[in-house]
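Visitor: Below you will find the structure I want to go over with you.
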Amino acid sequence: QGLSVRDATFLVFVFGCGCAVGGVLGGYLGMLCMLTNRSLLPLFMAGTTFLGIAPYLALLDLTFHRAGPLACLFAFLAGLVSSLPSVNVRPCLINVNPPHLRGATLTAANLIINCARGVGPSFVTLMGIWGWDRCRSFNVLIIFFWTVAAVQLAFLARSLPRDQDDMERELARYAADALRAANTAATAAAVATGGSEEDAAAVPPPPPPPPPPTTPSDHESVSTLGTAGTGAAAAAPGGATTTTPLLSSPTPAAAAAGRNLGASDVGGGGGGGGGR
């Protein structure tokens, strides 16, 4: 293209900015596709992969002598569109593999990606041996391999939801087996401590905690005391006083109030006797 080192470096910087924006936007759009219909995510990945061919071909085939607005636009679009499907590949791999195999699956995916990074330049070199220039080689390889990748991603629209359902059923079965193993271990521990399997199976669940005790206020205590005193000390014929036992024991606050009331009654009675 005849670009200077400074302009070429700036285009690479713009390409990186497009990759960053495409990564965030691709993850958000992929999440929306999964929430709407799981089959839409592979179609979204296939469509964006196929559309990503255009800005790359524009950067390769058009002539730019400096990092102008048009060159920056194509560089930004190339990074953005190419990152839209790539950020959703790993979530798809995680959703269709059990937890103990996800690390190996992602490692295998990284190995394949690294191998492809080496195979691509090898094809360009081989095509150069046959007399093709680099620009033409890149055009053919980008169109061919990206189209194949888009077709393969489109096939996932049918198989990805089914694989996710199978994985969810397997995880549910795994959780049930773990719970069954925990119950078996608890039964074995109960038998080892002297119980029986029936006793271990018949152990009821722990009761819920009791509600906190409620303490009546001072106003309620005085009201209760007044009612109790009216029923407890009733005047009998002949001046005798009969005491009716209370149905329930008074609260501490009510007992204290009763002692104060009794002391005042004794004081009043003594004064009356002295007068007589």
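As shown in the structure tokens, the chain order sets the letters A, B, ...; within each chain, residues go from 1, and ligands are also counted from 1 in the order they appear.
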Show me, as number ranges by chain, the residues that have an atom within 10 Å of Leu25 of chain A when counting only C-alpha atoms, minus same-chain residues fewer than 3 positions from it.
Guide: A: 19-22, 28-31, 80-81, 83-84, 87
Visitor: Give me, as a PyMOL selection string, all polymer residues having an atom no more than 9 Å from segment 105-115 of chain A, counting only C-alpha atoms and skipping those fewer than 6 positions away in the same chain.
Guide: chain A and resi 90+93-94+97
Visitor: Write out, as a CSV table (one decimal), in the first residue's frame, the residues just selected, with N, CA and C atoms.
Guide:
```csv
chain,number,residue,atom,x,y,z
A,90,ARG,N,-16.4,-19.3,22.9
A,90,ARG,CA,-16.1,-19.9,24.2
A,90,ARG,C,-17.3,-20.2,25.0
A,93,LEU,N,-18.9,-23.3,23.8
A,93,LEU,CA,-18.1,-24.5,24.2
A,93,LEU,C,-18.4,-24.8,25.7
A,94,ILE,N,-18.5,-23.8,26.5
A,94,ILE,CA,-18.7,-24.1,27.9
A,94,ILE,C,-20.1,-24.7,28.2
A,97,ASN,N,-20.3,-28.6,27.4
A,97,ASN,CA,-19.3,-29.6,28.0
A,97,ASN,C,-19.5,-29.6,29.5
```
Visitor: Quick check, in Å to one decimal: how far apart do atom CA of Tyr174 of chain A and atom CA of Asn95 of chain A lie?
Guide: 15.3 Å
Visitor: Which residues come within 10 Å of Asp166 of chain A, counting only C-alpha atoms, excluding same-chain residues fewer than 6 positions away, as a PyMOL selection string?
Guide: chain A and resi 96-97+160+172
Visitor: Give the helix (DSSP H, G or I) residues of segment 49-216 of chain A, as assigned by DSSP on the backbone, as a PyMOL selection string.
Guide: chain A and resi 49-51+53-61+69-86+89-95+99-129+134-192+197-201
Visitor: Give me the residues near Leu51 of chain A as a list in words, where near means some atom within 10 Å (using only C-alpha atoms) and where sequence neighbours in that chain fewer than 6 positions away do not count.
Guide: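 Once the adjacent positions are removed, what remains is Met45, Ala78, Val81, Ser82, Trp146, Thr147 and Ala150 of chain A.
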Visitor: Can you work out which one of A:Ala181, A:Val24, A:Ile142, A:Val124 has the shortest atom-to-atom distance to Tyr56 of chain A, counting only C-alpha atoms?
Guide: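 Distance minimum relative to Tyr56 of chain A lands on A:Ile142.
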Visitor: Might you pull out every residue within 10 Å of segment 60-74 of chain A, with only C-alpha atoms counted and same-chain residues fewer than 2 positions away left off, and present them as a PyMOL selection string?
Guide: chain A and resi 1-4+6-15+18+54-58+76-80+134-136+138-139
Visitor: Please report the interatomic distance between atom CA of Asn183 of chain A and atom CA of Pro98 of chain A in Å with one decimal.
Guide: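 These two atoms are separated by 23.5 Å.
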